[in-house]
$ cat model_17.cif   # mmCIF, C-alpha atoms
data_start
loop_
_atom_site.label_atom_id
_atom_site.label_comp_id
_atom_site.auth_asym_id
_atom_site.auth_seq_id
_atom_site.Cartn_x
_atom_site.Cartn_y
_atom_site.Cartn_z
CA HIS A 1128 50.21 99.71 107.86
CA LEU A 1129 46.95 99.16 109.72
CA ALA A 1130 43.84 97.61 108.21
CA TRP A 1131 40.99 97.12 110.65
CA HIS A 1132 37.23 97.19 111.07
CA PRO A 1133 36.39 100.04 113.50
CA MET A 1134 32.62 99.50 113.34
CA ARG A 1135 33.06 96.14 115.04
CA LEU A 1136 34.06 98.02 118.20
CA LEU A 1137 30.34 98.73 118.65
CA GLY A 1138 29.90 95.00 119.16
CA GLY A 1139 32.82 94.79 121.58
CA VAL A 1140 35.28 93.28 119.12
CA LEU A 1141 38.66 94.74 118.20
CA ASP A 1142 39.10 93.35 114.69
CA ILE A 1143 42.48 94.06 113.09
CA GLU A 1144 42.93 92.49 109.70
CA THR A 1145 46.58 93.51 109.24
CA LEU A 1146 49.12 95.26 111.45
CA ALA A 1147 52.43 95.58 109.63
CA ALA A 1148 55.61 97.62 110.00
CA GLY A 1149 58.77 97.74 107.94
CA LYS A 1150 61.19 98.75 110.70
CA VAL A 1151 60.81 99.43 114.43
CA SER A 1152 63.67 100.48 116.72
CA LEU A 1153 63.77 100.17 120.51
CA THR A 1154 66.99 101.44 122.06
CA ARG A 1155 65.97 100.76 125.68
CA LEU A 1156 63.04 99.53 127.71
CA PRO A 1157 60.45 102.25 128.38
CA GLU A 1158 59.76 103.40 131.93
CA LEU A 1159 56.13 102.50 132.47
CA PRO A 1160 53.94 104.18 135.09
CA PRO A 1161 52.55 102.04 137.94
CA ALA A 1162 49.56 99.98 136.94
CA PRO A 1163 46.28 101.65 138.00
CA GLU A 1164 44.20 99.98 140.67
CA SER A 1165 41.23 97.99 139.46
CA SER A 1166 38.07 100.09 139.27
CA GLY A 1167 35.86 97.11 139.93
CA SER A 1168 33.52 98.23 137.15
CA GLY A 1169 33.01 94.68 135.95
CA LEU A 1170 33.25 95.65 132.29
CA PRO A 1171 33.67 92.63 129.99
CA ALA A 1172 37.09 92.06 128.47
CA MET A 1173 37.46 93.24 124.90
CA ARG A 1174 37.27 90.43 122.37
CA ALA A 1175 39.98 90.62 119.74
CA ILE A 1176 41.06 89.34 116.34
CA LEU A 1177 44.51 89.92 114.90
CA GLY A 1178 44.54 88.39 111.46
CA ASN A 1179 48.13 89.17 110.52
CA LEU A 1180 50.96 90.76 112.52
CA SER A 1181 54.16 91.45 110.62
CA VAL A 1182 57.29 93.40 111.60
CA ASP A 1183 60.00 93.03 108.99
CA GLU A 1184 62.76 94.44 111.21
CA LEU A 1185 62.69 95.03 114.96
CA ALA A 1186 66.02 96.52 116.09
CA LEU A 1187 66.65 96.19 119.83
CA GLY A 1188 69.46 98.11 121.52
CA ALA A 1189 71.91 96.47 123.90
CA PRO A 1190 70.08 97.70 127.06
CA VAL A 1191 67.00 95.65 126.11
CA LEU A 1192 68.47 92.11 125.94
CA GLY A 1193 72.09 92.64 126.85
CA THR A 1194 73.33 92.77 123.26
CA PRO A 1195 72.05 94.43 120.05
CA VAL A 1196 69.56 92.17 118.25
CA THR A 1197 67.60 92.47 115.01
CA LEU A 1198 64.43 90.39 114.71
CA SER A 1199 61.47 89.79 112.44
CA ILE A 1200 58.04 88.95 113.86
CA THR A 1201 54.97 87.36 112.36
CA GLY A 1202 51.84 86.07 114.06
CA ASN A 1203 48.10 86.00 114.48
CA ALA A 1204 45.70 85.71 117.40
CA ARG A 1205 41.99 85.22 118.01
CA LEU A 1206 39.94 85.68 121.18
CA VAL A 1207 36.29 86.17 120.28
CA ASP A 1208 33.96 83.34 121.26
CA PRO A 1209 34.52 81.92 124.77
CA ALA A 1210 33.55 78.53 123.35
CA GLU A 1211 36.50 78.78 120.95
CA GLY A 1212 38.89 80.27 123.51
CA LEU A 1213 42.23 81.85 122.73
CA ALA A 1214 44.28 80.75 119.73
CA LEU A 1215 47.58 82.23 118.64
CA ALA A 1216 50.54 81.47 116.41
CA PHE A 1217 53.83 83.34 116.25
CA ALA A 1218 57.35 83.28 114.83
CA VAL A 1219 60.25 85.43 116.00
CA GLU A 1220 63.39 85.06 113.90
CA ARG A 1221 66.76 86.74 114.16
CA ARG A 1222 67.86 88.68 111.11
CA ASP A 1223 71.42 89.38 112.22
CA SER A 1224 72.31 85.71 112.91
CA PRO A 1225 70.61 82.29 112.99
CA GLY A 1226 67.99 81.74 115.69
CA ALA A 1227 64.23 81.54 116.04
CA VAL A 1228 61.29 80.95 118.38
CA LYS A 1229 58.13 79.60 116.80
CA GLY A 1230 54.96 78.21 118.24
CA THR A 1231 51.23 77.82 118.57
CA ALA A 1232 48.95 77.80 121.59
CA ARG A 1233 45.25 77.33 122.20
CA TYR A 1234 43.16 77.42 125.37
CA VAL A 1235 39.41 76.83 125.61
CA PRO A 1236 37.95 77.94 128.98
CA GLY A 1237 34.77 75.89 128.67
CA THR A 1238 36.56 72.56 128.36
CA GLU A 1239 39.89 73.76 129.85
CA GLN A 1240 41.65 72.28 126.83
CA LEU A 1241 45.24 73.48 126.54
CA ASP A 1242 47.44 72.82 123.49
CA ILE A 1243 51.01 74.14 123.33
CA ASP A 1244 53.73 73.61 120.73
CA VAL A 1245 56.73 75.95 121.05
CA ALA A 1246 60.31 75.45 119.87
CA ALA A 1247 63.37 77.69 120.03
CA GLY A 1248 66.95 77.44 118.84
CA GLU A 1249 70.06 79.63 118.69
CA PRO A 1250 73.74 79.07 117.93
CA ALA A 1251 76.49 79.77 120.46
CA GLY A 1252 76.66 83.33 121.73
CA GLY A 1253 72.90 83.82 121.40
CA VAL A 1254 70.40 85.87 123.35
CA VAL A 1255 68.74 82.95 125.19
CA ALA A 1256 72.01 81.71 126.71
CA ARG A 1257 72.85 85.28 127.69
CA LEU A 1258 69.48 85.91 129.34
CA ILE A 1259 69.61 82.75 131.50
CA GLY A 1260 73.29 83.19 132.25
CA LEU A 1261 74.74 80.00 130.79
CA PRO A 1262 78.55 80.08 131.14
CA GLY A 1263 80.31 80.24 127.79
CA LEU A 1264 77.06 81.14 126.00
CA PRO A 1265 76.57 77.73 124.31
CA ALA A 1266 74.13 76.91 121.53
CA VAL A 1267 70.63 76.35 122.91
CA ALA A 1268 67.64 74.35 121.66
CA ALA A 1269 64.42 74.04 123.63
CA SER A 1270 60.88 72.84 123.06
CA VAL A 1271 57.61 72.44 124.93
CA LYS A 1272 54.77 70.41 123.47
CA GLY A 1273 51.63 69.23 125.22
CA SER A 1274 47.92 68.70 124.90
CA GLY A 1275 44.92 67.83 127.04
CA THR A 1276 42.51 69.34 129.52
CA LEU A 1277 43.80 70.80 132.77
CA ASP A 1278 42.41 67.68 134.47
CA ASP A 1279 44.40 65.35 132.21
CA TRP A 1280 47.26 67.18 130.51
CA GLN A 1281 50.48 65.64 129.23
CA GLY A 1282 53.51 67.40 127.80
CA LYS A 1283 57.13 66.90 126.78
CA LEU A 1284 60.01 69.25 127.62
CA VAL A 1285 63.48 69.43 126.06
CA LEU A 1286 66.37 71.78 126.88
CA ASP A 1287 69.69 71.15 125.15
CA ALA A 1288 72.75 73.34 125.69
CA GLY A 1289 75.39 70.79 124.70
CA ASP A 1290 77.90 69.79 127.38
CA MET A 1291 76.54 72.49 129.65
CA LEU A 1292 73.00 71.16 129.99
CA ASP A 1293 70.90 68.47 128.33
CA LEU A 1294 67.51 67.78 129.93
CA GLY A 1295 64.36 66.12 128.69
CA GLY A 1296 61.25 64.57 130.13
CA THR A 1297 57.56 64.92 130.75
CA ALA A 1298 55.18 67.23 132.57
CA ALA A 1299 51.64 66.29 133.52
CA ILE A 1300 48.58 67.75 135.24
CA ARG A 1301 45.94 65.54 136.82
CA ALA A 1302 42.71 66.25 138.69
CA VAL A 1303 42.58 65.21 142.37
CA GLU A 1304 39.86 65.35 144.99
CA GLY A 1305 38.36 68.66 146.06
CA GLY A 1306 38.92 70.44 142.78
CA SER A 1307 42.71 70.51 143.19
CA ARG A 1308 45.23 69.55 140.53
CA ARG A 1309 48.49 67.69 140.78
CA VAL A 1310 51.43 68.93 138.68
CA MET A 1311 54.14 66.33 138.01
CA LEU A 1312 57.62 66.58 136.48
CA ASP A 1313 59.88 63.72 135.40
CA LEU A 1314 63.18 64.97 133.96
CA ALA A 1315 66.51 63.34 133.17
CA GLY A 1316 69.77 64.35 131.54
CA THR A 1317 73.13 65.96 132.23
CA VAL A 1318 73.44 69.06 134.40
CA ALA A 1319 77.04 68.92 135.68
CA GLY A 1320 78.13 71.73 133.38
CA LEU A 1321 76.00 74.21 135.34
CA ALA A 1322 77.61 73.40 138.70
CA PRO A 1323 80.77 74.92 140.20
CA GLU A 1324 83.89 72.88 139.42
CA ASN A 1325 84.21 71.53 142.97
CA VAL A 1326 80.68 70.08 142.78
CA ARG A 1327 80.74 68.68 139.23
CA PRO A 1328 82.13 65.23 140.12
CA ALA A 1329 79.03 64.53 142.19
CA LEU A 1330 76.81 65.44 139.22
CA ASP A 1331 78.72 63.68 136.45
CA GLY A 1332 76.74 61.36 134.23
CA ARG A 1333 72.97 61.13 134.07
CA SER A 1334 70.79 62.94 136.61
CA GLU A 1335 67.13 62.24 137.30
CA MET A 1336 64.55 64.49 138.94
CA ILE A 1337 60.99 63.54 139.80
CA GLY A 1338 58.67 65.90 141.63
CA SER A 1339 55.04 66.72 142.22
CA ALA A 1340 52.95 69.47 143.76
CA VAL A 1341 49.25 70.04 144.36
CA ILE A 1342 47.52 73.33 143.52
CA ASP A 1343 44.21 73.89 145.30
CA PRO A 1344 41.29 75.94 143.89
CA ALA A 1345 42.53 79.02 145.80
CA GLY A 1346 45.91 78.79 144.07
CA ARG A 1347 47.84 77.55 147.10
CA ILE A 1348 50.74 75.23 146.23
CA ALA A 1349 51.81 72.25 148.35
CA ILE A 1350 54.94 70.38 147.30
CA GLU A 1351 54.35 66.66 147.73
CA GLY A 1352 57.83 65.41 146.96
CA LEU A 1353 61.06 66.00 145.09
CA ASN A 1354 63.58 63.27 144.33
CA LEU A 1355 66.98 63.97 142.78
CA LYS A 1356 69.36 61.18 141.80
CA THR A 1357 72.81 61.60 140.27
CA ALA A 1358 75.97 59.52 140.07
CA GLY A 1359 77.14 60.80 143.44
CA VAL A 1360 74.09 62.32 145.14
CA GLY A 1361 70.65 61.15 146.17
CA LEU A 1362 68.17 63.63 147.62
CA ALA A 1363 64.56 63.15 148.66
CA LEU A 1364 62.24 65.80 150.05
#
$ encode --input "model_17.cif" --output "structure tokens"
Amino acid sequence: HLAWHPMRLLGGVLDIETLAAGKVSLTRLPELPPAPESSGSGLPAMRAILGNLSVDELALGAPVLGTPVTLSITGNARLVDPAEGLALAFAVERRDSPGAVKGTARYVPGTEQLDIDVAAGEPAGGVVARLIGLPGLPAVAASVKGSGTLDDWQGKLVLDAGDMLDLGGTAAIRAVEGGSRRVMLDLAGTVAGLAPENVRPALDGRSEMIGSAVIDPAGRIAIEGLNLKTAGVGLAL
């Protein structure tokens, strides 16, 4: 079902009120042609409104994610006024077993305000553990939440996979001289379950990682430092 306002295309706005489907099946990933080279025409990007996206059942074949999965999807998005920026909300839930990813995000170019709130969780044997290759496919819970401008942004990160992996901490972005930005991570938790058995004794107990890097206006990244401390190892770069 598609309900939209085609006349708004004349004003450069793709306005979709509702885009809904009962069932969609994808047995494998499509083979896409190479992306065309930019024409350099300088045409403005299309502004868009998606009031309501709803797919009751999205059936993915094993070649897509490594195992058959049935999902439902809901969401909305808005990118119209540059002063308002991009705003979106989404929820992806499994229908064949417990598990979900839900979140909101908003970015305003004028003020460079960035707000993120995303959380995901799956029981043992889930898709997330399979995709990142966690041995034993444990239950996984993860979240990212942060707010602020790109000159003063603060966020919290959590990744919990039981005995295999349990990390949490903060991420931050700060303005520095010359228009560059410093990205900082401060994480702590248990990571021994990810290591080979002959290395695990050195990583038993609580591990701490602190690092920072500077990104200049041209996008070049310079790592300032990385410190790793565990029960049996200390590393500083």
$ closest_residue --input "model_17.cif" --among "A:Leu1185, A:Met1336, A:Leu1180, A:Val1245" --to "Ala1363 (chain A)" --atoms "only C-alpha atoms"
A:Met1336
$ resolve_selection --input "model_17.cif" --expression "the PyMOL selection byres ((chain A and resi 1206) around 10)" --output "ChimeraX atom specification"
/A:1140-1141,1173-1177,1204-1205,1207-1215,1233-1235
$ write_last_selection --input "model_17.cif" --atoms "C-alpha atoms" --output "compact mmCIF listing (two decimals), in the frame of the given file"
# COMPACT_ATOMS: atom_id res chain seq x y z
CA VAL A 1140 35.28 93.28 119.12
CA LEU A 1141 38.66 94.74 118.20
CA MET A 1173 37.46 93.24 124.90
CA ARG A 1174 37.27 90.43 122.37
CA ALA A 1175 39.98 90.62 119.74
CA ILE A 1176 41.06 89.34 116.34
CA LEU A 1177 44.51 89.92 114.90
CA ALA A 1204 45.70 85.71 117.40
CA ARG A 1205 41.99 85.22 118.01
CA VAL A 1207 36.29 86.17 120.28
CA ASP A 1208 33.96 83.34 121.26
CA PRO A 1209 34.52 81.92 124.77
CA ALA A 1210 33.55 78.53 123.35
CA GLU A 1211 36.50 78.78 120.95
CA GLY A 1212 38.89 80.27 123.51
CA LEU A 1213 42.23 81.85 122.73
CA ALA A 1214 44.28 80.75 119.73
CA LEU A 1215 47.58 82.23 118.64
CA ARG A 1233 45.25 77.33 122.20
CA TYR A 1234 43.16 77.42 125.37
CA VAL A 1235 39.41 76.83 125.61
$ residues_around --input "model_17.cif" --residues "Asp1290 (chain A)" --least-positions-apart "4" --cutoff "9 Å" --atoms "all atoms listed in the file" --output "ChimeraX atom specification"
/A:1265,1317-1320
$ atom_distance --input "model_17.cif" --atom1 "CA of Leu1264 (chain A)" --atom2 "CA of Gly1193 (chain A)"
12.6 Å
$ atom_distance --input "model_17.cif" --atom1 "CA of Glu1351 (chain A)" --atom2 "CA of Ala1298 (chain A)"
15.2 Å
$ atom_distance --input "model_17.cif" --atom1 "CA of Leu1362 (chain A)" --atom2 "CA of Met1311 (chain A)"
17.2 Å
$ residues_around --input "model_17.cif" --residues "Glu1239 (chain A)" --least-positions-apart "5" --cutoff "9 Å" --atoms "all atoms listed in the file" --output "list of chain:residue names"
A:Tyr1234, A:Gly1275, A:Thr1276, A:Leu1277, A:Asp1278
$ closest_residue --input "model_17.cif" --among "A:Asp1279, A:Ala1148, A:Ser1181, A:Val1360" --to "Thr1238 (chain A)" --atoms "all atoms listed in the file"
A:Asp1279
$ residues_around --input "model_17.cif" --residues "region 1219-1228 of chain A" --least-positions-apart "5" --cutoff "7 Å" --atoms "all atoms listed in the file" --output "PyMOL selection string"
chain A and resi 1196-1201+1246-1250
$ write_last_selection --input "model_17.cif" --atoms "C-alpha atoms" --output "short mmCIF file (atom, residue, chain, number, x, y, z; two decimals), in the frame of the given file"
data_model
loop_
_atom_site.label_atom_id
_atom_site.label_comp_id
_atom_site.auth_asym_id
_atom_site.auth_seq_id
_atom_site.Cartn_x
_atom_site.Cartn_y
_atom_site.Cartn_z
CA VAL A 1196 69.56 92.17 118.25
CA THR A 1197 67.60 92.47 115.01
CA LEU A 1198 64.43 90.39 114.71
CA SER A 1199 61.47 89.79 112.44
CA ILE A 1200 58.04 88.95 113.86
CA THR A 1201 54.97 87.36 112.36
CA ALA A 1246 60.31 75.45 119.87
CA ALA A 1247 63.37 77.69 120.03
CA GLY A 1248 66.95 77.44 118.84
CA GLU A 1249 70.06 79.63 118.69
CA PRO A 1250 73.74 79.07 117.93
#
$ resolve_selection --input "model_17.cif" --expression "the PyMOL selection byres ((chain A and resi 1243) around 9)" --output "list of chain:residue names"
A:Gly1230, A:Thr1231, A:Ala1232, A:Arg1233, A:Tyr1234, A:Leu1241, A:Asp1242, A:Asp1244, A:Val1245, A:Val1271, A:Lys1272, A:Gly1273, A:Ser1274, A:Gly1282
$ write_last_selection --input "model_17.cif" --atoms "C-alpha atoms" --output "short mmCIF file (atom, residue, chain, number, x, y, z; two decimals), in the coordinates of the input"
data_model
loop_
_atom_site.label_atom_id
_atom_site.label_comp_id
_atom_site.auth_asym_id
_atom_site.auth_seq_id
_atom_site.Cartn_x
_atom_site.Cartn_y
_atom_site.Cartn_z
CA GLY A 1230 54.96 78.21 118.24
CA THR A 1231 51.23 77.82 118.57
CA ALA A 1232 48.95 77.80 121.59
CA ARG A 1233 45.25 77.33 122.20
CA TYR A 1234 43.16 77.42 125.37
CA LEU A 1241 45.24 73.48 126.54
CA ASP A 1242 47.44 72.82 123.49
CA ASP A 1244 53.73 73.61 120.73
CA VAL A 1245 56.73 75.95 121.05
CA VAL A 1271 57.61 72.44 124.93
CA LYS A 1272 54.77 70.41 123.47
CA GLY A 1273 51.63 69.23 125.22
CA SER A 1274 47.92 68.70 124.90
CA GLY A 1282 53.51 67.40 127.80
#
$ resolve_selection --input "model_17.cif" --expression "the PyMOL selection byres ((chain A and resi 1303) around 12)" --output "list in words"
Leu1277, Asp1278, Asp1279, Ile1300, Arg1301, Ala1302, Glu1304, Gly1305, Gly1306, Ser1307, Arg1308, Arg1309, Val1310, Ala1340, Val1341, Ile1342, Asp1343 and Pro1344 of chain A
$ residues_around --input "model_17.cif" --residues "Thr1145 (chain A)" --least-positions-apart "2" --cutoff "9 Å" --atoms "all atoms listed in the file" --output "number ranges by chain"
A: 1128-1131, 1143, 1147, 1177-1181
$ residues_around --input "model_17.cif" --residues "Thr1297 (chain A)" --least-positions-apart "6" --cutoff "9 Å" --atoms "all atoms listed in the file" --output "ChimeraX atom specification"
/A:1281-1285,1311-1314
$ closest_residue --input "model_17.cif" --among "A:Lys1356, A:Arg1347, A:Val1182, A:Pro1262" --to "Ala1322 (chain A)" --atoms "only C-alpha atoms"
A:Pro1262
